[in-house]
Every structure is written in structure tokens, then in C-alpha cells.
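Just work.tsv here, TSV, C-alpha atoms:
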```tsv
chain	number	residue	atom	x	y	z
L	249	HIS	CA	82.18	99.79	75.34
L	250	SER	CA	79.69	100.78	78.02
L	251	ILE	CA	80.04	102.73	81.23
L	252	GLN	CA	78.60	101.05	84.32
L	253	GLY	CA	78.43	101.85	88.02
L	254	THR	CA	76.08	104.82	88.11
L	255	ILE	CA	76.36	106.66	91.40
L	256	ILE	CA	73.26	106.59	93.57
L	257	SER	CA	73.30	108.05	97.06
L	258	THR	CA	71.13	107.65	100.13
L	259	SER	CA	71.59	107.81	103.87
L	260	ASN	CA	69.87	104.47	104.48
L	261	TYR	CA	71.70	101.21	104.01
L	262	CYS	CA	71.71	97.67	105.36
L	263	SER	CA	74.93	95.71	105.25
L	264	PRO	CA	75.18	92.30	103.57
L	265	LEU	CA	76.77	91.07	106.80
L	266	SER	CA	74.68	92.64	109.53
L	267	SER	CA	71.03	93.55	109.93
L	268	SER	CA	71.87	95.67	112.98
L	269	THR	CA	72.77	98.59	110.70
L	270	CYS	CA	69.27	98.75	109.21
L	271	THR	CA	66.99	101.63	110.07
L	272	THR	CA	63.22	101.34	110.05
L	273	THR	CA	62.88	103.48	106.93
L	274	SER	CA	65.45	101.43	105.02
L	275	THR	CA	63.84	98.07	105.74
L	276	THR	CA	61.72	98.20	102.63
L	277	MET	CA	60.29	95.72	100.19
L	278	GLY	CA	62.74	97.07	97.64
L	279	MET	CA	65.70	95.83	99.70
L	280	VAL	CA	63.99	92.49	100.26
L	281	LEU	CA	63.76	92.21	96.47
L	282	GLY	CA	67.40	93.15	95.96
L	283	LYS	CA	67.17	96.88	95.25
L	284	ILE	CA	70.48	98.68	95.81
L	285	SER	CA	70.11	102.37	96.58
L	286	VAL	CA	73.54	103.44	97.79
L	287	GLU	CA	76.59	104.71	95.97
L	288	GLU	CA	78.94	102.20	94.40
L	289	PRO	CA	82.24	102.92	92.66
L	290	ALA	CA	82.01	103.86	88.99
L	291	PHE	CA	83.63	101.47	86.55
L	292	LYS	CA	84.01	100.86	82.84
L	293	VAL	CA	83.18	97.51	81.24
L	294	LEU	CA	85.98	96.59	78.84
L	295	PHE	CA	84.69	93.16	77.85
L	296	ASN	CA	81.64	90.97	78.53
L	297	ARG	CA	82.19	87.23	78.41
L	298	ALA	CA	78.63	86.01	77.89
L	299	THR	CA	77.70	82.38	78.35
L	300	THR	CA	76.71	82.23	74.69
L	301	THR	CA	80.19	83.21	73.53
L	302	PRO	CA	81.97	80.05	72.35
L	303	ALA	CA	85.38	79.22	73.79
L	304	SER	CA	87.31	77.83	70.83
L	305	ASN	CA	89.84	76.10	73.05
L	306	VAL	CA	87.21	74.21	75.08
L	307	SER	CA	84.42	71.99	73.78
L	308	ASN	CA	81.18	71.10	75.54
L	309	THR	CA	82.07	73.24	78.55
L	310	THR	CA	79.65	75.52	80.38
L	311	THR	CA	81.28	78.89	80.84
L	312	THR	CA	81.24	81.04	83.96
L	313	PRO	CA	80.10	84.46	82.70
L	314	TYR	CA	82.17	87.47	83.68
L	315	GLU	CA	82.91	91.09	82.85
L	316	ILE	CA	86.30	92.73	82.59
L	317	ARG	CA	85.99	95.98	84.54
L	318	LYS	CA	88.29	98.94	84.98
L	319	TYR	CA	88.13	100.95	88.20
L	320	GLY	CA	89.81	104.25	88.96
L	321	LYS	CA	91.54	105.18	92.19
L	322	ARG	CA	89.37	104.71	95.26
L	323	TYR	CA	89.77	105.08	99.00
L	324	ALA	CA	88.55	102.60	101.58
L	325	ILE	CA	88.60	101.89	105.28
L	326	GLU	CA	89.87	98.45	106.19
L	327	SER	CA	89.95	96.16	109.20
L	328	ILE	CA	91.32	92.68	109.93
L	329	TYR	CA	89.26	89.72	111.11
L	330	ASP	CA	90.14	88.55	114.61
L	331	SER	CA	91.73	85.15	114.01
L	332	THR	CA	92.13	84.63	117.77
L	333	ASN	CA	88.36	84.84	118.25
L	334	GLY	CA	86.91	82.51	115.64
L	335	ASP	CA	87.57	84.92	112.76
L	336	ARG	CA	85.29	87.51	114.35
L	337	SER	CA	84.00	90.01	111.83
L	338	PRO	CA	85.39	93.57	112.00
L	339	PHE	CA	82.17	94.96	110.53
L	340	MET	CA	81.16	96.93	113.63
L	341	ALA	CA	84.57	98.62	113.85
L	342	LEU	CA	84.17	99.87	110.26
L	343	ALA	CA	80.54	100.82	110.85
L	344	GLY	CA	81.60	102.75	113.94
L	345	TYR	CA	84.10	104.80	111.94
L	346	ILE	CA	81.41	106.07	109.54
L	347	GLY	CA	78.77	106.45	112.27
L	348	VAL	CA	76.22	103.88	111.12
L	349	THR	CA	75.01	102.83	114.56
L	350	LYS	CA	76.47	105.51	116.86
L	351	ALA	CA	78.49	108.72	116.87
L	352	PRO	CA	81.21	108.55	114.20
L	353	GLU	CA	84.50	107.24	115.50
L	354	ASN	CA	86.71	109.49	113.38
L	355	GLU	CA	88.71	112.59	114.28
L	356	SER	CA	86.27	114.92	112.52
L	357	ASN	CA	83.19	113.33	114.10
L	358	GLU	CA	81.91	113.21	110.53
L	359	SER	CA	79.05	110.95	109.48
L	360	ILE	CA	79.96	109.17	106.26
L	361	ALA	CA	77.43	107.48	103.98
L	362	MET	CA	77.56	103.71	103.64
L	363	THR	CA	78.32	102.42	100.15
L	364	ALA	CA	78.27	99.09	98.35
L	365	PRO	CA	79.84	96.66	98.05
L	366	VAL	CA	81.36	95.43	101.29
L	367	ALA	CA	84.60	93.79	100.14
L	368	ILE	CA	86.38	90.84	101.74
L	369	ASP	CA	89.71	89.29	100.82
L	370	ARG	CA	91.91	86.53	102.14
L	371	LYS	CA	95.43	86.15	100.78
L	372	GLU	CA	97.88	83.35	101.44
L	373	GLY	CA	99.97	84.05	104.54
L	374	ASP	CA	97.86	87.08	105.43
L	375	ASN	CA	94.81	87.80	107.54
L	376	LYS	CA	91.29	87.98	106.20
L	377	ARG	CA	90.26	91.61	105.70
L	378	MET	CA	87.07	93.61	105.22
L	379	LYS	CA	86.79	96.94	103.40
L	380	PHE	CA	84.18	99.67	103.07
L	381	ILE	CA	84.71	101.77	99.93
L	382	LEU	CA	84.39	105.45	100.83
L	383	PRO	CA	81.99	107.71	98.87
L	384	SER	CA	83.45	109.27	95.73
L	385	LYS	CA	83.63	112.75	97.29
L	386	TYR	CA	86.57	111.45	99.33
L	387	ASP	CA	88.87	111.59	96.32
L	388	ASP	CA	91.99	112.68	98.18
L	389	ILE	CA	93.58	111.38	101.37
L	390	SER	CA	93.50	114.89	102.85
L	391	LYS	CA	89.68	114.81	102.82
L	392	ILE	CA	89.40	111.60	104.84
L	393	PRO	CA	89.20	111.92	108.64
L	394	GLN	CA	91.58	109.75	110.62
L	395	PRO	CA	90.04	106.92	112.64
L	396	LYS	CA	89.86	107.22	116.41
L	397	ASN	CA	89.99	103.45	116.64
L	398	TYR	CA	93.27	103.35	114.73
L	399	ASN	CA	94.25	99.97	116.20
L	400	LYS	CA	91.37	98.36	114.28
L	401	VAL	CA	90.56	100.69	111.38
L	402	SER	CA	92.97	101.96	108.74
L	403	ILE	CA	92.60	104.06	105.60
L	404	ARG	CA	93.70	102.49	102.34
L	405	GLU	CA	94.29	103.97	98.91
L	406	MET	CA	93.16	101.56	96.20
L	407	ALA	CA	95.10	102.07	92.99
L	408	PRO	CA	93.37	101.94	89.60
L	409	ALA	CA	92.80	98.31	88.67
L	410	VAL	CA	91.39	95.99	86.02
L	411	GLY	CA	89.97	92.57	86.66
L	412	ALA	CA	87.34	89.95	86.00
L	413	VAL	CA	84.03	90.04	87.89
L	414	HIS	CA	81.54	87.19	88.13
L	415	GLN	CA	78.10	87.99	89.55
L	416	PHE	CA	76.07	85.43	91.46
L	417	SER	CA	73.22	85.15	93.95
L	418	GLY	CA	72.67	83.09	97.09
L	419	ALA	CA	74.73	82.96	100.26
L	420	PHE	CA	77.46	85.49	100.98
L	421	ASP	CA	79.76	83.23	102.95
L	422	ASP	CA	83.35	82.06	102.59
L	423	SER	CA	82.66	78.64	101.12
L	424	HIS	CA	80.15	79.84	98.52
L	425	CYS	CA	82.28	82.81	97.49
L	426	GLU	CA	85.46	80.75	97.24
L	427	GLU	CA	83.59	78.19	95.14
L	428	LYS	CA	82.61	80.98	92.73
L	429	ALA	CA	86.16	82.34	92.74
L	430	ARG	CA	87.49	78.92	91.73
L	431	ALA	CA	84.93	78.69	88.94
L	432	LEU	CA	85.88	82.15	87.66
L	433	ALA	CA	89.59	81.36	87.84
L	434	ALA	CA	89.05	78.11	85.95
L	435	GLN	CA	87.14	79.96	83.23
L	436	LEU	CA	89.88	82.57	82.93
L	437	ILE	CA	92.47	79.81	82.57
L	438	ARG	CA	90.36	78.18	79.83
L	439	ASP	CA	90.22	81.59	78.14
L	440	GLY	CA	94.01	81.81	78.09
L	441	ILE	CA	94.80	83.75	81.27
L	442	SER	CA	97.76	82.45	83.26
L	443	LEU	CA	96.99	82.02	86.98
L	444	PRO	CA	98.88	80.08	89.70
L	445	THR	CA	97.98	76.38	89.69
L	446	GLY	CA	99.11	73.36	91.69
L	447	GLU	CA	100.43	70.04	90.49
L	448	ASP	CA	96.84	68.83	90.15
L	449	GLY	CA	96.11	71.67	87.74
L	450	GLU	CA	93.69	73.35	90.14
L	451	VAL	CA	94.04	77.08	90.73
L	452	GLU	CA	95.81	78.10	93.96
L	453	LEU	CA	93.39	80.73	95.25
L	454	GLY	CA	95.76	81.80	98.01
L	455	LYS	CA	98.13	83.09	95.34
L	456	VAL	CA	95.45	84.90	93.34
L	457	ASN	CA	94.53	88.51	94.07
L	458	PHE	CA	90.78	88.09	94.54
L	459	GLU	CA	87.98	89.56	96.63
L	460	TRP	CA	84.30	88.86	97.14
L	461	TRP	CA	81.79	91.69	97.20
L	462	GLY	CA	78.35	91.84	98.83
L	463	TYR	CA	75.71	94.41	97.92
L	464	ASN	CA	72.59	93.42	99.89
L	465	PRO	CA	71.37	93.06	103.49
L	466	PRO	CA	70.84	89.62	105.06
L	467	PHE	CA	67.06	89.72	104.61
L	468	THR	CA	67.23	90.09	100.82
L	469	ILE	CA	65.75	87.04	99.13
L	470	PRO	CA	68.81	84.84	98.41
L	471	MET	CA	68.04	84.32	94.73
L	472	LEU	CA	67.76	88.10	94.26
L	473	ARG	CA	71.03	89.03	95.98
L	474	ARG	CA	73.85	90.59	94.05
L	475	ASN	CA	77.15	89.06	95.07
L	476	GLU	CA	80.33	89.32	93.04
L	477	VAL	CA	83.79	87.84	93.01
L	478	TRP	CA	86.70	89.86	91.60
L	479	ILE	CA	90.03	88.56	90.31
L	480	GLU	CA	92.54	91.28	89.57
L	481	LEU	CA	94.43	91.02	86.28
L	482	THR	CA	97.25	92.93	84.64
L	483	GLU	CA	96.72	95.29	81.73
L	484	GLU	CA	98.71	92.87	79.56
L	485	GLN	CA	96.44	89.96	80.47
L	486	VAL	CA	93.35	92.01	79.73
L	487	ASN	CA	94.67	93.24	76.39
L	488	GLU	CA	95.52	89.70	75.35
L	489	LEU	CA	92.13	88.40	76.49
L	490	ILE	CA	90.14	91.11	74.75
L	491	GLY	CA	92.05	90.59	71.52
L	492	THR	CA	91.68	86.81	71.62
L	493	LYS	CA	88.06	86.62	72.71
L	494	GLY	CA	87.08	89.55	70.51
L	495	GLU	CA	88.41	87.72	67.46
L	496	GLU	CA	86.54	84.55	68.46
L	497	ALA	CA	83.29	86.44	69.01
L	498	SER	CA	83.49	88.02	65.56
L	499	GLU	CA	84.03	84.70	63.76
```

As C-alpha cells, please, write out the structure in this file.
Amino acid sequence: HSIQGTIISTSNYCSPLSSSTCTTTSTTMGMVLGKISVEEPAFKVLFNRATTTPASNVSNTTTTPYEIRKYGKRYAIESIYDSTNGDRSPFMALAGYIGVTKAPENESNESIAMTAPVAIDRKEGDNKRMKFILPSKYDDISKIPQPKNYNKVSIREMAPAVGAVHQFSGAFDDSHCEEKARALAAQLIRDGISLPTGEDGEVELGKVNFEWWGYNPPFTIPMLRRNEVWIELTEEQVNELIGTKGEEASE
């Protein structure tokens, strides 16, 4: 199995949701062409479901390719979308905490490097949320400065997790990302993973623990963007999937 997620660090970054965080030096042709030059969390690839791998339980079906990844413990800052104001993005509150566009709004007045991806989730009965993953040097809660804007920004410990990740390009908006999440969920179901479904057999996304992740600024050429959707799985589901699909791939 391979190790992915090499750590790369730089002080310049443009968000996939806002071009206002871009500095002159970071607005480069590399970013236009999809280059990612900031730190992202390290992960291990446990399984790669390539489109050429046959699904023995489905005939004449185009698969949605995905990886099964394992992440260690991470820390993030999180904020809720304002549902009373047209689902207004909390991006600037998070950017303010790390000091992207102004003096850092944290108790240590500490500038913190931007990372990728920006993560968004929406769970049934809960508000839509946005997260910035903190750099890996913040590996303990005691190292993370408290937010000054504590009514909007909170610190979250993300437990180790395993899940399926599907990568895609194009728009980074709710409808496109949810479409990709449904496609990934449908593929997982075809591959033997049990996920919540309705009477019509369609997956109930609101009951699935999923997020969508954006890695590039708005001016990146759409077809060269790296977007991902993540569906969290249990260790038991992953072990069963790897065993089943591994046997099929070796036949």
C-alpha cells in the first residue's frame, strides 16, 4: 500500500471559495493550472478502486473511481454558515482567525499558514459547516490559540478516520458536490457497503457522514481543479470491502 499526502508548506494560498485571500505573489500560472503548494493532511491509501476493476455484482455499469484513505488525528477550526442570511459563507471568519487578510484574530495573535483542503459538510438536522484543517505542527490542543471571535469560530479535534474519497474537477458548489457524493455512495453500495437508503433505493445523503473538499482558488481552470468528496466508513466496512474487492481484482 502507498503513502500519500506529502506535506508541502508555503505562506501563499488562495482559497477555493474566495479570491480575496490571494496575494500578488501567489497569483501564479501554477495556481491557474491547478498547482497546490500548501500543506495538506497526510494519509495512507488502503485501497484504490480503479475504473478498470470489474464489479462482479454489477454488469455493464460505469464505476465511480475512489480511494479508501486513512487519516490520523487532526485539528481544525470550524464555523457555521449563516442560515438566516442566505447561507452566508463563514470563510472570512475562519480566514480572520489565521490572519490571512488582516491581523490574526486569535488570543496569541499568531499567524497560521493556510492549508488545503477547505472542507464543507451538511448533515441532516444540522447546519452547514466549513472547516480549515490546521497545519500538522498543531498536533495538540494546547498548541492551538483560542479564537477571539469565539461566537463564530471554534476549534475541533478530528479523530482518526477511514473513508472513501472520489476526486473530480469542475465547479465547487453544493449541487455539483452533492451529485458526486450521490455517485460515490451509489458505487459503494454496488460494492457491498451498507449506507442509508430510502424506499426508492436512493441513498439518503442527509444520513451519510460526508464532506466535500476544495483545493484550488476560484481562478483555477475548472477542468484542472482538484475537488474531492469524502464518505466516512467504519473499519469493519473497509475491511470487508478490501477483502471482497481484493479477491475480485486478483481473479

* To do: For atom CA of Leu436 of chain L and atom CA of Val413 of chain L, quote the distance in Å rounded to one decimal.
  => 10.7 Å

Taking a cut-off of 10 Å and counting all atoms listed in the file, can you build a table that, for each residue of segment 328-367 of chain L near segment 475-492 of chain L, reports the nearest atom pair and how far apart they are in Å (one decimal), sorted by chain then residue number, as a Markdown table?
```
| residue | atom | partner | partner_atom | distance |
| --- | --- | --- | --- | --- |
| L:Pro365 | CA | L:Asn475 | CA | 8.6 |
| L:Val366 | CA | L:Asn475 | CA | 9.8 |
| L:Ala367 | CA | L:Val477 | CA | 9.3 |
```

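Atom CA of Lys321 of chain L to atom CA of Pro395 of chain L spans 20.6 Å [interatomic distance, one decimal].
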
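Relative to atom CA of Thr445 of chain L, atom CA of Ser327 of chain L is found at 28.9 Å.
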
What's the 9 Å shell around Asn357 of chain L, counting only C-alpha atoms, without same-chain residues fewer than 6 positions away, as a PDB file with C-alpha atoms, keeping the file's coordinate frame?
```
ATOM      1  CA  TYR L 345      84.100 104.800 111.940  1.00  0.00           C
ATOM      2  CA  ILE L 346      81.410 106.070 109.540  1.00  0.00           C
ATOM      3  CA  GLY L 347      78.770 106.450 112.270  1.00  0.00           C
ATOM      4  CA  ALA L 351      78.490 108.720 116.870  1.00  0.00           C
ATOM      5  CA  PRO L 393      89.200 111.920 108.640  1.00  0.00           C
TER       6      PRO L 393
END
```

* **Neighbour residues at most 12 Å from (89.4, 100.9, 101.7) (only C-alpha atoms) as JSON, numbers by chain** => {"L": [289, 321, 322, 323, 324, 325, 326, 327, 328, 342, 363, 364, 365, 366, 367, 368, 369, 377, 378, 379, 380, 381, 382, 383, 384, 386, 387, 389, 392, 401, 402, 403, 404, 405, 406, 407]}

With the cut-off set at 10 Å and counting all atoms listed in the file, tabulate each residue of segment 276-388 of chain L with an atom at most that distance from an atom of segment 419-432 of chain L, showing the nearest atom pair and its distance in Å to one decimal, ordered by chain and increasing number, as a tab-separated table.
```
residue	atom	partner	partner_atom	distance
L:Thr311	CA	L:Leu432	CA	8.8
L:Thr312	CA	L:Leu432	CA	6.0
L:Pro313	CA	L:Leu432	CA	8.0
L:Tyr314	CA	L:Leu432	CA	7.6
L:Ile368	CA	L:Asp422	CA	9.3
L:Asp369	CA	L:Asp422	CA	9.8
L:Arg370	CA	L:Asp422	CA	9.7
```

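The neighbours of Ser331 of chain L here are the residues that come within 10 Å of it, using all atoms listed in the file and leaving out any residue fewer than 5 positions away in the same chain; they are Arg336, Ser337, Asn375 and Lys376 of chain L.
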